[in-house]
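Q: The structure's right below; bear with me while I get my questions together.
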Amino acid sequence: MSTETPPSAPPAVPASPVLPAASDPAHQGFAIRIVGAAAFAHLLNDMIQAVLPAVYPMFKSQFALTFGQIGTIALVYQFTASLLQPWVGMYTDKRPLPYLLPSGMIATFVGIGMMAMASSYEMLLLAAAVVGVGSATFHPEASRVARMASGGRFGTAQSTFQVGGNTGSAIGPLLAAAVVIPHGQRAIGWFLLIAAVAIFVLFRLTGWTVRHGQAKMNSLARSHGIGLSRGKVVQAIAVIAVLMFAKFVYIASITNYFTFYLIERFHLSVQQSQMYLFVFLASIALGTFIGGPVGDRIGRKAVIWISFLGVAPFALALPYANLMGTAVLAVAVGLVMSSAFAALVVYAQEAVPGRVGMVSGLMFGLMFGIGGIGAAGLGKLADIHGIVWVYHLTSFLPLLGLATAFLPKTNGR
């Protein structure tokens, strides 16, 4: 009897590796419809979020607000939008709540309705807080869905997701100028339609997540290493914080003050300066999209190196350029520097596998927080020293990219 058992064993040998390969999401390909839907939802979400700062001048005159009160509205929004994100992600890493994603957009829907109907400064503060809660819920959970659908192409999925948000951020102020400013506060209510479309898309995404997503995430986590040790994680977080500071303070200097710089230095009109800003924002969207696939091919650290040190010559030259040179250099800065964000997010996710929500929330929270604080600080410096002086100062920020040398190696290189 013992001599008959070996012949029956071989047929089972080739079958055993086939089943895991078939069920391994890394071998099932890039789910472009799911990643595309997440990116589209990101576009809608950030388009709505961009309305708030775009209508600050209208609120200031309508409610007779001071600059300090406008700053408080911005602070309340940034507080809820940035500080809540890592906590939302940390909680859902341990206790998945798939329907939290459309629920967050419902909060945004409510906040937009409150903003359209607000009759007092206090109501504006509450509306800003509710809109911020919606943003804090959206980003870590939607980033998780994009990773689930990546098929192992994490950088490509993250950059596709992020470029949706960048595009929405660029379109939002244009829509606010076309729809809200001419027709007044109640016209903000038109953005409820955008929120409703986003809620529909997110319910569809959640249905896919419930059916397939968590199994894909578990398989991807098992097949992509064990991450870094606790000490290396602390080191990586410290370096990432320095890089995020350099990136988003520099970008905040352009997104918030580039028009003022162009008007003061080259005597452009407001309309002309806005066109230059739009071109810069478009270059950021394109650079973000390119950075992810490149990171998948050459490694995350390589993209981060290129993003910071590659942009340094352009940034250092920008304060000394003429108008045409300034436009060309601003586009180069947008293209190169924006390529790092997807690489930074995916690097952090690889450093701490299995904590995608917490890591995504932390990264997006840092982006919102650093950008907001940086914009406020640069505004104070501009009041004291002038906007041209500020651009000479911030031109040195990309050199902080030298900190990349201290990033520990991960499976993504």
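Order determines the names: the first chain of the structure tokens is A, the second B, and so forth; residues in each chain are numbered 1 upward, and ligands are numbered 1 upward as they are shown.
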Need to verify the contact set: segment 314-326 of chain A, 6 Å, only C-alpha atoms, exclusion of same-chain residues closer than 4 positions in sequence. Can you return it as a list in words?
A: Ala330, His392 and Ser395 of chain A
Q: Among segment 98-342 of chain A, which residues carry a DSSP assignment of alpha helix (DSSP H), reported as a ChimeraX atom specification?
A: /A:100-117,121-148,154-175,181-183,191-208,214-223,230-266,270-298,300-309,312-317,323-337,340-342
Q: Can you pull out the residues contacting Ala332 of chain A? Cut-off 12 Å, using only C-alpha atoms, and skip same-chain residues under 6 positions away; I want them as a list of chain:residue names.
A: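 Once the adjacent positions are removed, what remains is A:Val279, A:Phe280, A:Leu281, A:Ala282, A:Ser283, A:Ile284, A:Leu286, A:Gly287, A:Ser307, A:Phe308, A:Gly310, A:Val311, A:Ala312, A:Pro313, A:Phe314, A:Ala315, A:Ala317, A:Leu318, A:Gly325, A:Thr326, A:Ser338, A:Ser339.
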Q: My list of candidates is A:Ile304, A:Leu362, A:Val346, A:Val249. Which is closest to Ala405 of chain A when distances are computed with only C-alpha atoms?
A: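 Using only C-alpha atoms, the shortest distance to Ala405 of chain A belongs to A:Ile304.
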Q: Using only C-alpha atoms, can you tell me which of A:Ser273, A:Ser159, A:Ser169, A:Gln49 comes closest to Val133 of chain A?
A: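 Answer, going by the shortest atom-to-atom distance: A:Gln49.
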Q: Got a sec: who's within 9 Å of Tyr261 of chain A, counting only C-alpha atoms, leaving out chain neighbours fewer than 3 positions off, as an mmCIF file with N, CA and C atoms, in the first residue's frame?
A:
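As written to disk, around.cif reads:
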data_model
loop_
_atom_site.group_PDB
_atom_site.id
_atom_site.type_symbol
_atom_site.label_atom_id
_atom_site.label_comp_id
_atom_site.auth_asym_id
_atom_site.auth_seq_id
_atom_site.Cartn_x
_atom_site.Cartn_y
_atom_site.Cartn_z
ATOM 1 N N ILE A 254 3.378 79.620 -3.971
ATOM 2 C CA ILE A 254 2.942 79.919 -5.334
ATOM 3 C C ILE A 254 1.417 79.915 -5.442
ATOM 4 N N TYR A 257 0.268 83.112 -3.327
ATOM 5 C CA TYR A 257 0.841 84.446 -3.485
ATOM 6 C C TYR A 257 1.457 84.714 -4.854
ATOM 7 N N PHE A 258 1.377 83.763 -5.777
ATOM 8 C CA PHE A 258 2.008 83.945 -7.085
ATOM 9 C C PHE A 258 1.393 85.131 -7.826
ATOM 10 N N GLU A 264 3.148 92.652 -8.496
ATOM 11 C CA GLU A 264 4.126 93.587 -7.950
ATOM 12 C C GLU A 264 5.386 93.665 -8.806
ATOM 13 N N ARG A 265 5.876 92.514 -9.245
ATOM 14 C CA ARG A 265 7.164 92.503 -9.949
ATOM 15 C C ARG A 265 7.036 92.874 -11.416
ATOM 16 N N PHE A 266 5.951 92.424 -12.066
ATOM 17 C CA PHE A 266 5.826 92.640 -13.512
ATOM 18 C C PHE A 266 4.627 93.516 -13.890
ATOM 19 N N SER A 273 -2.512 87.629 -14.173
ATOM 20 C CA SER A 273 -1.800 86.836 -13.165
ATOM 21 C C SER A 273 -2.537 85.537 -12.861
ATOM 22 N N ILE A 387 6.625 90.683 -0.788
ATOM 23 C CA ILE A 387 6.398 89.390 -1.426
ATOM 24 C C ILE A 387 7.607 88.938 -2.238
ATOM 25 N N VAL A 388 8.353 89.862 -2.823
ATOM 26 C CA VAL A 388 9.534 89.470 -3.602
ATOM 27 C C VAL A 388 10.583 88.848 -2.688
ATOM 28 N N TYR A 391 9.851 85.216 -2.005
ATOM 29 C CA TYR A 391 10.215 84.279 -3.073
ATOM 30 C C TYR A 391 11.711 84.000 -3.103
#
Q: Nearest to Gly168 of chain A: which of A:Tyr56, A:Phe40, A:Phe30, A:Tyr347 is it, counting only C-alpha atoms?
A: A:Phe40
Q: Which polymer residues have any atom within 6 Å of an atom of segment 192-209 of chain A, counting only C-alpha atoms, with same-chain residues fewer than 4 positions away left out, as a PyMOL selection string?
A: chain A and resi 41+98+102+105+109+213
Q: Please provide the set of residues having any atom within 9 Å of Tyr121 of chain A, restricted to only C-alpha atoms, with same-chain residues fewer than 3 positions apart removed, written as number ranges by chain.
A: A: 59, 63, 65, 69, 73, 118, 124-126
Q: Would you compute the distance between atom CA of Val242 of chain A and atom CA of Leu400 of chain A? Give it in Å to one decimal.
A: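 Taking atom CA of Val242 of chain A and atom CA of Leu400 of chain A, their separation equals 7.2 Å.
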Q: Between A:Leu243, A:Ala128, A:Leu335, A:Ile298, which residue has the minimum interatomic distance to Ile48 of chain A, considering only C-alpha atoms?
A: A:Ala128
Q: Report the distance between atom CA of Arg300 of chain A and atom CA of Ala252 of chain A in Å, rounded to one decimal place.
A: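 Between these atoms lies a distance of 23.4 Å.
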